[in-house]
>>> print(open('my_file03.cif').read())   # mmCIF, C-alpha atoms and all ligand atoms
data_data
loop_
_atom_site.group_PDB
_atom_site.id
_atom_site.type_symbol
_atom_site.label_atom_id
_atom_site.label_comp_id
_atom_site.auth_asym_id
_atom_site.auth_seq_id
_atom_site.Cartn_x
_atom_site.Cartn_y
_atom_site.Cartn_z
ATOM 1 C CA MET A 1 -76.210 -29.770 3.068
ATOM 2 C CA LEU A 2 -77.212 -30.131 6.688
ATOM 3 C CA ALA A 3 -74.443 -27.751 7.766
ATOM 4 C CA GLN A 4 -75.594 -25.171 5.246
ATOM 5 C CA VAL A 5 -79.116 -25.285 6.580
ATOM 6 C CA LEU A 6 -77.906 -24.934 10.139
ATOM 7 C CA MET A 7 -75.691 -21.990 9.244
ATOM 8 C CA PHE A 8 -78.583 -20.266 7.576
ATOM 9 C CA ALA A 9 -80.792 -20.863 10.600
ATOM 10 C CA LEU A 10 -78.178 -19.462 12.935
ATOM 11 C CA ALA A 11 -77.483 -16.479 10.722
ATOM 12 C CA SER A 12 -81.092 -15.362 10.516
ATOM 13 C CA PRO A 13 -82.992 -16.708 13.472
ATOM 14 C CA ALA A 14 -86.005 -14.451 12.927
ATOM 15 C CA GLY A 15 -86.411 -14.840 9.190
ATOM 16 C CA ALA A 16 -87.099 -18.494 8.713
ATOM 17 C CA TYR A 17 -90.826 -18.769 9.274
ATOM 18 C CA SER A 18 -93.229 -17.903 6.474
ATOM 19 C CA LEU A 19 -96.744 -16.551 6.465
ATOM 20 C CA LYS A 20 -99.611 -17.244 4.136
ATOM 21 C CA THR A 21 -100.815 -14.339 2.042
ATOM 22 C CA ASN A 22 -103.638 -13.771 -0.411
ATOM 23 C CA THR A 23 -103.096 -12.591 -3.992
ATOM 24 C CA GLU A 24 -103.015 -8.981 -2.767
ATOM 25 C CA GLY A 25 -100.156 -9.815 -0.418
ATOM 26 C CA ASP A 26 -102.252 -9.447 2.748
ATOM 27 C CA ALA A 27 -101.254 -11.842 5.501
ATOM 28 C CA LEU A 28 -104.015 -14.290 6.364
ATOM 29 C CA ARG A 29 -105.068 -14.203 9.997
ATOM 30 C CA TRP A 30 -108.001 -14.327 12.321
ATOM 31 C CA LEU A 31 -109.479 -11.049 13.459
ATOM 32 C CA LYS A 32 -112.404 -12.534 15.387
ATOM 33 C CA ILE A 33 -110.894 -14.104 18.478
ATOM 34 C CA PRO A 34 -111.340 -16.554 20.158
ATOM 35 C CA VAL A 35 -111.261 -18.946 17.215
ATOM 36 C CA SER A 36 -113.740 -21.753 17.743
ATOM 37 C CA TYR A 37 -113.085 -25.392 16.915
ATOM 38 C CA GLN A 38 -114.815 -28.745 17.154
ATOM 39 C CA ILE A 39 -113.553 -32.306 17.026
ATOM 40 C CA ASN A 40 -114.940 -35.357 15.281
ATOM 41 C CA PRO A 41 -112.915 -38.039 17.112
ATOM 42 C CA THR A 42 -114.406 -40.948 15.138
ATOM 43 C CA ASN A 43 -111.559 -42.856 13.521
ATOM 44 C CA ARG A 44 -110.705 -46.231 12.063
ATOM 45 C CA SER A 45 -107.105 -45.986 13.197
ATOM 46 C CA GLY A 46 -107.898 -47.643 16.510
ATOM 47 C CA LEU A 47 -107.172 -44.497 18.512
ATOM 48 C CA ASP A 48 -108.920 -43.896 21.802
ATOM 49 C CA GLU A 49 -111.347 -41.013 21.244
ATOM 50 C CA THR A 50 -110.769 -39.450 24.654
ATOM 51 C CA GLU A 51 -107.013 -39.463 24.056
ATOM 52 C CA VAL A 52 -107.519 -38.048 20.581
ATOM 53 C CA GLU A 53 -109.517 -35.143 21.971
ATOM 54 C CA SER A 54 -107.114 -34.378 24.762
ATOM 55 C CA LEU A 55 -104.074 -34.261 22.498
ATOM 56 C CA ILE A 56 -105.886 -32.114 19.931
ATOM 57 C CA HIS A 57 -106.649 -29.666 22.748
ATOM 58 C CA GLY A 58 -102.955 -29.821 23.604
ATOM 59 C CA ALA A 59 -102.032 -28.880 20.031
ATOM 60 C CA PHE A 60 -104.257 -25.780 20.123
ATOM 61 C CA ASP A 61 -102.891 -24.912 23.561
ATOM 62 C CA GLN A 62 -99.356 -24.820 22.154
ATOM 63 C CA TRP A 63 -100.255 -21.907 19.902
ATOM 64 C CA GLN A 64 -102.445 -20.227 22.475
ATOM 65 C CA ALA A 65 -99.573 -20.275 24.964
ATOM 66 C CA VAL A 66 -97.253 -18.083 22.889
ATOM 67 C CA THR A 67 -96.688 -15.028 25.026
ATOM 68 C CA LYS A 68 -97.821 -11.539 24.007
ATOM 69 C CA VAL A 69 -100.059 -12.818 21.215
ATOM 70 C CA PRO A 70 -103.794 -12.084 21.381
ATOM 71 C CA LEU A 71 -104.808 -15.470 19.990
ATOM 72 C CA SER A 72 -107.052 -17.894 21.820
ATOM 73 C CA PHE A 73 -109.344 -20.803 21.031
ATOM 74 C CA ASP A 74 -112.781 -21.814 22.163
ATOM 75 C CA TYR A 75 -113.622 -25.530 22.062
ATOM 76 C CA GLN A 76 -117.248 -26.069 21.139
ATOM 77 C CA GLY A 77 -117.526 -29.811 21.590
ATOM 78 C CA GLU A 78 -117.764 -32.876 19.406
ATOM 79 C CA THR A 79 -119.369 -32.914 15.982
ATOM 80 C CA ASP A 80 -120.317 -35.413 13.293
ATOM 81 C CA VAL A 81 -119.040 -33.145 10.510
ATOM 82 C CA SER A 82 -116.539 -34.987 8.311
ATOM 83 C CA ALA A 83 -115.973 -32.832 5.242
ATOM 84 C CA PRO A 84 -114.316 -29.464 4.652
ATOM 85 C CA SER A 85 -116.760 -26.591 4.237
ATOM 86 C CA TYR A 86 -116.952 -22.966 5.243
ATOM 87 C CA THR A 87 -120.749 -22.923 5.192
ATOM 88 C CA ASP A 88 -121.305 -25.433 7.995
ATOM 89 C CA ASN A 89 -120.488 -22.971 10.769
ATOM 90 C CA ALA A 90 -117.978 -25.389 12.233
ATOM 91 C CA ASN A 91 -114.187 -25.403 12.270
ATOM 92 C CA VAL A 92 -113.563 -29.114 12.539
ATOM 93 C CA VAL A 93 -110.665 -31.493 13.096
ATOM 94 C CA TYR A 94 -111.692 -34.868 11.655
ATOM 95 C CA PHE A 95 -110.293 -38.141 10.317
ATOM 96 C CA GLU A 96 -110.602 -38.758 6.578
ATOM 97 C CA ASN A 97 -110.825 -42.460 5.868
ATOM 98 C CA ASN A 98 -111.367 -42.008 2.150
ATOM 99 C CA TRP A 99 -108.690 -39.518 1.089
ATOM 100 C CA PRO A 100 -109.885 -37.921 -2.180
ATOM 101 C CA ASP A 101 -107.827 -38.498 -5.352
ATOM 102 C CA ASP A 102 -107.338 -34.777 -5.924
ATOM 103 C CA TRP A 103 -105.735 -34.287 -2.499
ATOM 104 C CA ASP A 104 -102.038 -35.176 -2.493
ATOM 105 C CA SER A 105 -101.786 -38.742 -1.180
ATOM 106 C CA GLY A 106 -98.428 -37.917 0.447
ATOM 107 C CA PHE A 107 -100.010 -35.489 2.890
ATOM 108 C CA LEU A 108 -100.396 -36.703 6.443
ATOM 109 C CA ALA A 109 -103.089 -34.109 6.978
ATOM 110 C CA LEU A 110 -104.604 -31.200 5.138
ATOM 111 C CA THR A 111 -105.836 -27.935 6.596
ATOM 112 C CA PHE A 112 -108.245 -25.735 4.699
ATOM 113 C CA THR A 113 -108.637 -22.075 5.531
ATOM 114 C CA TRP A 114 -111.084 -19.675 3.939
ATOM 115 C CA SER A 115 -110.434 -15.970 3.994
ATOM 116 C CA VAL A 116 -112.034 -12.811 2.655
ATOM 117 C CA ASP A 117 -110.332 -10.343 0.343
ATOM 118 C CA TYR A 118 -108.511 -8.327 2.999
ATOM 119 C CA GLY A 119 -106.963 -11.463 4.485
ATOM 120 C CA GLU A 120 -109.276 -12.207 7.399
ATOM 121 C CA ILE A 121 -109.581 -15.979 7.919
ATOM 122 C CA ILE A 122 -113.227 -16.832 8.527
ATOM 123 C CA ALA A 123 -113.156 -20.630 8.689
ATOM 124 C CA PHE A 124 -110.881 -23.655 8.771
ATOM 125 C CA ASP A 125 -111.161 -27.430 8.693
ATOM 126 C CA MET A 126 -108.471 -30.041 9.238
ATOM 127 C CA ALA A 127 -108.543 -33.504 7.671
ATOM 128 C CA ILE A 128 -106.273 -36.234 9.026
ATOM 129 C CA ASN A 129 -105.271 -38.826 6.425
ATOM 130 C CA GLU A 130 -106.149 -42.288 7.689
ATOM 131 C CA SER A 131 -104.127 -43.901 4.894
ATOM 132 C CA PHE A 132 -101.219 -43.513 7.334
ATOM 133 C CA ASP A 133 -100.658 -45.344 10.611
ATOM 134 C CA TRP A 134 -101.273 -43.042 13.570
ATOM 135 C CA THR A 135 -100.287 -43.158 17.194
ATOM 136 C CA THR A 136 -101.155 -41.007 20.166
ATOM 137 C CA SER A 137 -97.967 -41.922 22.005
ATOM 138 C CA GLY A 138 -95.092 -41.290 19.608
ATOM 139 C CA GLN A 139 -94.776 -45.003 18.901
ATOM 140 C CA LYS A 140 -91.973 -45.854 16.454
ATOM 141 C CA GLY A 141 -93.043 -46.644 12.901
ATOM 142 C CA LYS A 142 -96.225 -44.577 13.204
ATOM 143 C CA HIS A 143 -97.064 -40.921 12.835
ATOM 144 C CA ASP A 144 -97.719 -39.054 16.057
ATOM 145 C CA LEU A 145 -101.103 -37.331 15.983
ATOM 146 C CA TYR A 146 -100.178 -34.613 18.485
ATOM 147 C CA ASN A 147 -97.099 -33.824 16.391
ATOM 148 C CA ALA A 148 -99.087 -33.504 13.157
ATOM 149 C CA VAL A 149 -102.041 -31.584 14.586
ATOM 150 C CA THR A 150 -99.788 -28.992 16.243
ATOM 151 C CA HIS A 151 -98.237 -28.367 12.807
ATOM 152 C CA GLU A 152 -101.663 -28.145 11.161
ATOM 153 C CA VAL A 153 -103.028 -25.731 13.774
ATOM 154 C CA GLY A 154 -100.189 -23.454 12.690
ATOM 155 C CA HIS A 155 -101.648 -23.457 9.170
ATOM 156 C CA ALA A 156 -105.140 -22.895 10.571
ATOM 157 C CA VAL A 157 -103.982 -19.631 12.154
ATOM 158 C CA GLY A 158 -102.093 -18.420 9.065
ATOM 159 C CA MET A 159 -98.572 -19.810 9.403
ATOM 160 C CA GLY A 160 -96.718 -21.187 6.389
ATOM 161 C CA HIS A 161 -93.728 -23.512 6.434
ATOM 162 C CA SER A 162 -90.376 -22.790 8.036
ATOM 163 C CA ASP A 163 -86.833 -23.659 6.974
ATOM 164 C CA VAL A 164 -85.795 -24.217 10.584
ATOM 165 C CA LEU A 165 -85.306 -27.947 11.109
ATOM 166 C CA ASP A 166 -86.666 -28.062 14.649
ATOM 167 C CA ALA A 167 -89.603 -25.734 13.984
ATOM 168 C CA THR A 168 -93.112 -27.119 14.322
ATOM 169 C CA MET A 169 -93.790 -25.539 10.924
ATOM 170 C CA PHE A 170 -90.941 -27.427 9.196
ATOM 171 C CA ALA A 171 -92.730 -29.099 6.269
ATOM 172 C CA ASP A 172 -91.599 -32.703 6.649
ATOM 173 C CA SER A 173 -92.216 -35.251 9.353
ATOM 174 C CA GLN A 174 -91.103 -38.850 9.787
ATOM 175 C CA THR A 175 -92.698 -41.652 11.754
ATOM 176 C CA GLY A 176 -91.853 -41.425 15.440
ATOM 177 C CA ASP A 177 -91.357 -37.643 15.212
ATOM 178 C CA THR A 178 -92.658 -35.867 18.322
ATOM 179 C CA ALA A 179 -90.471 -32.748 18.127
ATOM 180 C CA LYS A 180 -93.260 -30.687 16.580
ATOM 181 C CA ARG A 181 -95.532 -31.158 19.583
ATOM 182 C CA SER A 182 -93.993 -28.072 21.168
ATOM 183 C CA LEU A 183 -93.237 -24.859 19.316
ATOM 184 C CA SER A 184 -89.761 -23.563 18.604
ATOM 185 C CA GLU A 185 -88.784 -19.933 19.038
ATOM 186 C CA ASP A 186 -89.085 -19.544 15.264
ATOM 187 C CA ASP A 187 -92.762 -20.582 15.379
ATOM 188 C CA ALA A 188 -93.434 -18.188 18.251
ATOM 189 C CA GLN A 189 -91.756 -15.314 16.435
ATOM 190 C CA GLY A 190 -93.794 -15.939 13.302
ATOM 191 C CA LEU A 191 -97.049 -16.014 15.228
ATOM 192 C CA ARG A 192 -96.103 -12.889 17.162
ATOM 193 C CA TYR A 193 -95.329 -11.004 13.970
ATOM 194 C CA LEU A 194 -98.556 -12.180 12.339
ATOM 195 C CA TYR A 195 -100.806 -11.140 15.230
ATOM 196 C CA THR A 196 -99.055 -8.079 16.611
ATOM 197 C CA GLY A 197 -96.802 -6.744 13.853
ATOM 198 C CA ILE A 198 -93.930 -6.921 16.318
ATOM 199 C CA VAL A 199 -90.805 -8.449 14.813
ATOM 200 C CA ALA A 200 -88.842 -8.879 18.017
ATOM 201 C CA GLU A 201 -88.965 -7.650 21.556
ATOM 202 C CA GLN A 202 -86.143 -5.313 22.491
ATOM 203 C CA ARG A 203 -84.754 -4.812 25.981
ATOM 204 C CA TRP A 204 -81.973 -2.437 26.706
ATOM 205 C CA SER A 205 -80.334 -2.478 30.046
ATOM 206 C CA CYS A 206 -77.776 0.073 31.109
ATOM 207 C CA ALA A 207 -75.672 -0.279 34.177
ATOM 208 C CA THR A 208 -73.046 2.192 35.286
ATOM 209 C CA GLY A 209 -70.463 1.411 37.907
ATOM 210 C CA GLY A 210 -71.021 2.020 41.582
ATOM 211 C CA ALA A 211 -74.671 1.272 42.173
ATOM 212 C CA PRO A 212 -75.735 -1.593 39.945
ATOM 213 C CA SER A 213 -78.933 -2.268 41.833
ATOM 214 C CA SER A 214 -80.344 1.177 41.143
ATOM 215 C CA SER A 215 -78.908 1.895 37.708
ATOM 216 C CA PHE A 216 -80.776 -0.748 35.764
ATOM 217 C CA PHE A 217 -82.989 0.684 33.103
ATOM 218 C CA GLY A 218 -85.220 -1.538 31.060
ATOM 219 C CA PHE A 219 -87.374 -0.717 28.082
ATOM 220 C CA LEU A 220 -90.081 -3.070 26.915
ATOM 221 C CA ALA A 221 -91.671 -2.670 23.502
ATOM 222 C CA VAL A 222 -95.345 -3.582 23.706
ATOM 223 C CA ALA A 223 -97.652 -4.163 20.771
ATOM 224 C CA GLY A 224 -100.678 -1.982 20.182
ATOM 225 C CA THR A 225 -102.573 -4.937 18.869
ATOM 226 C CA ILE A 226 -106.157 -3.773 18.954
ATOM 227 C CA GLY A 227 -105.274 -0.567 17.154
ATOM 228 C CA LEU A 228 -103.329 -2.433 14.518
ATOM 229 C CA ARG A 229 -106.186 -4.763 13.774
ATOM 230 C CA ARG A 230 -108.802 -2.053 13.747
ATOM 231 C CA ARG A 231 -106.773 0.143 11.422
ATOM 232 C CA ARG A 232 -106.226 -2.711 9.070
ATOM 233 C CA PHE A 233 -109.885 -3.626 9.040
ATOM 234 C CA GLU A 234 -111.081 -0.076 8.412
ATOM 235 C CA SER A 235 -108.535 0.692 5.734
ATOM 236 C CA GLU A 236 -109.499 -2.418 3.796
ATOM 237 C CA GLY A 237 -113.229 -2.176 4.372
HETATM 238 ZN ZN ZN B 301 -97.635 -27.993 6.523
#
>>> encode(input="my_file03.cif", output="structure tokens")
Amino acid sequence: MLAQVLMFALASPAGAYSLKTNTEGDALRWLKIPVSYQINPTNRSGLDETEVESLIHGAFDQWQAVTKVPLSFDYQGETDVSAPSYTDNANVVYFENNWPDDWDSGFLALTFTWSVDYGEIIAFDMAINESFDWTTSGQKGKHDLYNAVTHEVGHAVGMGHSDVLDATMFADSQTGDTAKRSLSEDDAQGLRYLYTGIVAEQRWSCATGGAPSSSFFGFLAVAGTIGLRRRRFESEG
């Protein structure tokens, strides 16, 4: 089974991520960038609030660091908000000590996004399930917060799950797992496609004999991102 999965991943390195869509099939993504977020670091898991904040920033930075993607975040400070809502004008990461019965109790965390009919995400909130044991340092037997939040930020920006075992967006995570703290190439490709429409960057280099230093020719495909977004917005609106 493991070998099959690996073979699939190797055979189609660009096709393993998935994107969230609405019922019309429009990909869900932010059009208003930077995306703001706030943190409610209050927790009963015994985690240091300063550490919590710094690793949550790190999780957002992972996605912001993907090259050639016009996605960025704007931290707007701490908040007391501790419930998911799109009307509170706050995109919040918070700890949920009293996980509701109608949320799957097996979820380590749950990210809500709200989008309008043409797929623009207008709000998100992220609840971290305090029924589980959390660590900020990858401690064995506990779930690593940085690991989980990096995965959830992927959902907050429109990414679905990936079949690639080492992808941040792979759906499952065990205690002690820290591999999802940093993105895999599969995650980066998914984000790039979602925000630029570019599937893969192509470079062709041609060298003929005799003068290799002067015969290099490179072509770089660059995304027309602003135009893409504006067209999409106007055609739907
Ligand atoms: Zn997930």
>>> resolve_selection(input="my_file03.cif", expression="the PyMOL selection byres (((not hetatm)) within 9 of (chain B and resi 301))", output="count of residues only")
16
>>> closest_residue(input="my_file03.cif", among="A:Ser36, A:Thr87, A:Gln174, A:Asn43", to="A:Lys142", atoms="all atoms listed in the file")
A:Gln174
>>> residues_around(input="my_file03.cif", residues="A:Val66", least_positions_apart="4", cutoff="8 Å", atoms="only C-alpha atoms", output="PyMOL selection string")
chain A and resi 62+188+191-192
>>> atom_distance(input="my_file03.cif", atom1="atom CA of A:Gly119", atom2="atom CA of A:Gln76")
24.4 Å
>>> atom_distance(input="my_file03.cif", atom1="atom CA of A:Thr79", atom2="atom CA of A:Phe124")
14.5 Å
>>> atom_distance(input="my_file03.cif", atom1="atom CA of A:Ala90", atom2="atom CA of A:Gln38")
6.7 Å
>>> residues_around(input="my_file03.cif", residues="A:Ala83", least_positions_apart="4", cutoff="9 Å", atoms="only C-alpha atoms", output="PyMOL selection string")
chain A and resi 92+94+96+125-127
>>> closest_residue(input="my_file03.cif", among="A:Leu108, A:Ser45, A:Pro34, A:Ile128", to="A:Val69", atoms="all atoms listed in the file")
A:Pro34
>>> resolve_selection(input="my_file03.cif", expression="the PyMOL selection byres (((chain A and resi 32) around 10) and not hetatm)", output="list in words")
Arg29, Trp30, Leu31, Ile33, Pro34, Val35, Ser36, Leu71, Ser72, Glu120, Ile121 and Ile122 of chain A
>>> closest_residue(input="my_file03.cif", among="A:Ala59, A:Ser85, A:Gly25, A:Val52", to="A:Thr168", atoms="all atoms listed in the file")
A:Ala59
>>> resolve_selection(input="my_file03.cif", expression="the PyMOL selection byres (((chain A and resi 131-138) around 9) and not hetatm)", output="PyMOL selection string")
chain A and resi 45-48+51-52+55+96-99+105+108+128-130+139-147+175-178
>>> axis_aligned_box(input="my_file03.cif", around="stretch 156-173 of chain A", padding_each_side="5 Å", output="AutoDock Vina command-line options")
--center_x -95.2 --center_y -26.8 --center_z 10.5 --size_x 29.8 --size_y 26.8 --size_z 18.4
>>> build_atoms(input="my_file03.cif", residues="stretch 100-111 of chain A", atoms="all heavy atoms", output="mmCIF file, in the coordinates of the input")
data_model
loop_
_atom_site.group_PDB
_atom_site.id
_atom_site.type_symbol
_atom_site.label_atom_id
_atom_site.label_comp_id
_atom_site.auth_asym_id
_atom_site.auth_seq_id
_atom_site.Cartn_x
_atom_site.Cartn_y
_atom_site.Cartn_z
ATOM 1 N N PRO A 100 -109.519 -38.147 -0.774
ATOM 2 C CA PRO A 100 -109.885 -37.921 -2.180
ATOM 3 C C PRO A 100 -108.671 -37.960 -3.115
ATOM 4 O O PRO A 100 -107.565 -37.574 -2.732
ATOM 5 C CB PRO A 100 -110.505 -36.519 -2.156
ATOM 6 C CG PRO A 100 -110.984 -36.349 -0.749
ATOM 7 C CD PRO A 100 -109.981 -37.063 0.106
ATOM 8 N N ASP A 101 -108.898 -38.381 -4.353
ATOM 9 C CA ASP A 101 -107.827 -38.498 -5.352
ATOM 10 C C ASP A 101 -107.164 -37.152 -5.647
ATOM 11 O O ASP A 101 -105.984 -37.100 -5.979
ATOM 12 C CB ASP A 101 -108.382 -39.076 -6.665
ATOM 13 C CG ASP A 101 -108.693 -40.554 -6.534
ATOM 14 O OD1 ASP A 101 -108.147 -41.189 -5.594
ATOM 15 O OD2 ASP A 101 -109.494 -41.067 -7.338
ATOM 16 N N ASP A 102 -107.925 -36.076 -5.562
ATOM 17 C CA ASP A 102 -107.338 -34.777 -5.924
ATOM 18 C C ASP A 102 -106.663 -34.093 -4.731
ATOM 19 O O ASP A 102 -106.243 -32.946 -4.830
ATOM 20 C CB ASP A 102 -108.386 -33.859 -6.576
ATOM 21 C CG ASP A 102 -109.602 -33.631 -5.705
ATOM 22 O OD1 ASP A 102 -109.799 -34.415 -4.744
ATOM 23 O OD2 ASP A 102 -110.346 -32.680 -5.960
ATOM 24 N N TRP A 103 -106.569 -34.782 -3.593
ATOM 25 C CA TRP A 103 -105.735 -34.287 -2.499
ATOM 26 C C TRP A 103 -104.443 -35.098 -2.568
ATOM 27 O O TRP A 103 -104.486 -36.309 -2.766
ATOM 28 C CB TRP A 103 -106.385 -34.507 -1.129
ATOM 29 C CG TRP A 103 -107.689 -33.792 -0.927
ATOM 30 C CD1 TRP A 103 -108.334 -32.973 -1.820
ATOM 31 C CD2 TRP A 103 -108.517 -33.851 0.248
ATOM 32 N NE1 TRP A 103 -109.507 -32.518 -1.268
ATOM 33 C CE2 TRP A 103 -109.640 -33.035 -0.014
ATOM 34 C CE3 TRP A 103 -108.414 -34.500 1.472
ATOM 35 C CZ2 TRP A 103 -110.657 -32.852 0.933
ATOM 36 C CZ3 TRP A 103 -109.415 -34.329 2.408
ATOM 37 C CH2 TRP A 103 -110.524 -33.510 2.147
ATOM 38 N N ASP A 104 -103.323 -34.478 -2.401
ATOM 39 C CA ASP A 104 -102.038 -35.176 -2.493
ATOM 40 C C ASP A 104 -101.991 -36.346 -1.506
ATOM 41 O O ASP A 104 -102.165 -36.160 -0.303
ATOM 42 C CB ASP A 104 -100.911 -34.170 -2.187
ATOM 43 C CG ASP A 104 -99.549 -34.726 -2.529
ATOM 44 O OD1 ASP A 104 -99.283 -35.913 -2.231
ATOM 45 O OD2 ASP A 104 -98.737 -33.968 -3.092
ATOM 46 N N SER A 105 -101.744 -37.550 -2.039
ATOM 47 C CA SER A 105 -101.786 -38.742 -1.180
ATOM 48 C C SER A 105 -100.600 -38.802 -0.225
ATOM 49 O O SER A 105 -100.570 -39.601 0.700
ATOM 50 C CB SER A 105 -101.819 -40.004 -2.044
ATOM 51 O OG SER A 105 -100.639 -40.062 -2.828
ATOM 52 N N GLY A 106 -99.582 -37.935 -0.448
ATOM 53 C CA GLY A 106 -98.428 -37.917 0.447
ATOM 54 C C GLY A 106 -98.651 -37.064 1.690
ATOM 55 O O GLY A 106 -97.812 -37.052 2.583
ATOM 56 N N PHE A 107 -99.748 -36.355 1.735
ATOM 57 C CA PHE A 107 -100.010 -35.489 2.890
ATOM 58 C C PHE A 107 -100.523 -36.294 4.076
ATOM 59 O O PHE A 107 -101.477 -37.057 3.964
ATOM 60 C CB PHE A 107 -101.055 -34.419 2.539
ATOM 61 C CG PHE A 107 -100.556 -33.347 1.612
ATOM 62 C CD1 PHE A 107 -101.460 -32.602 0.866
ATOM 63 C CD2 PHE A 107 -99.203 -33.068 1.484
ATOM 64 C CE1 PHE A 107 -101.017 -31.600 0.005
ATOM 65 C CE2 PHE A 107 -98.757 -32.072 0.630
ATOM 66 C CZ PHE A 107 -99.668 -31.328 -0.117
ATOM 67 N N LEU A 108 -99.916 -36.076 5.210
ATOM 68 C CA LEU A 108 -100.396 -36.703 6.443
ATOM 69 C C LEU A 108 -101.733 -36.107 6.861
ATOM 70 O O LEU A 108 -102.587 -36.775 7.436
ATOM 71 C CB LEU A 108 -99.392 -36.459 7.573
ATOM 72 C CG LEU A 108 -98.069 -37.198 7.491
ATOM 73 C CD1 LEU A 108 -97.088 -36.624 8.509
ATOM 74 C CD2 LEU A 108 -98.296 -38.677 7.743
ATOM 75 N N ALA A 109 -101.875 -34.815 6.595
ATOM 76 C CA ALA A 109 -103.089 -34.109 6.978
ATOM 77 C C ALA A 109 -103.203 -32.897 6.067
ATOM 78 O O ALA A 109 -102.225 -32.495 5.424
ATOM 79 C CB ALA A 109 -103.025 -33.673 8.437
ATOM 80 N N LEU A 110 -104.384 -32.341 6.012
ATOM 81 C CA LEU A 110 -104.604 -31.200 5.138
ATOM 82 C C LEU A 110 -105.492 -30.202 5.881
ATOM 83 O O LEU A 110 -106.532 -30.581 6.428
ATOM 84 C CB LEU A 110 -105.289 -31.690 3.860
ATOM 85 C CG LEU A 110 -105.317 -30.788 2.635
ATOM 86 C CD1 LEU A 110 -103.938 -30.238 2.304
ATOM 87 C CD2 LEU A 110 -105.882 -31.575 1.454
ATOM 88 N N THR A 111 -105.045 -28.961 5.920
ATOM 89 C CA THR A 111 -105.836 -27.935 6.596
ATOM 90 C C THR A 111 -106.337 -26.944 5.562
ATOM 91 O O THR A 111 -105.562 -26.435 4.748
ATOM 92 C CB THR A 111 -104.991 -27.213 7.661
ATOM 93 O OG1 THR A 111 -104.640 -28.162 8.666
ATOM 94 C CG2 THR A 111 -105.765 -26.068 8.304
#
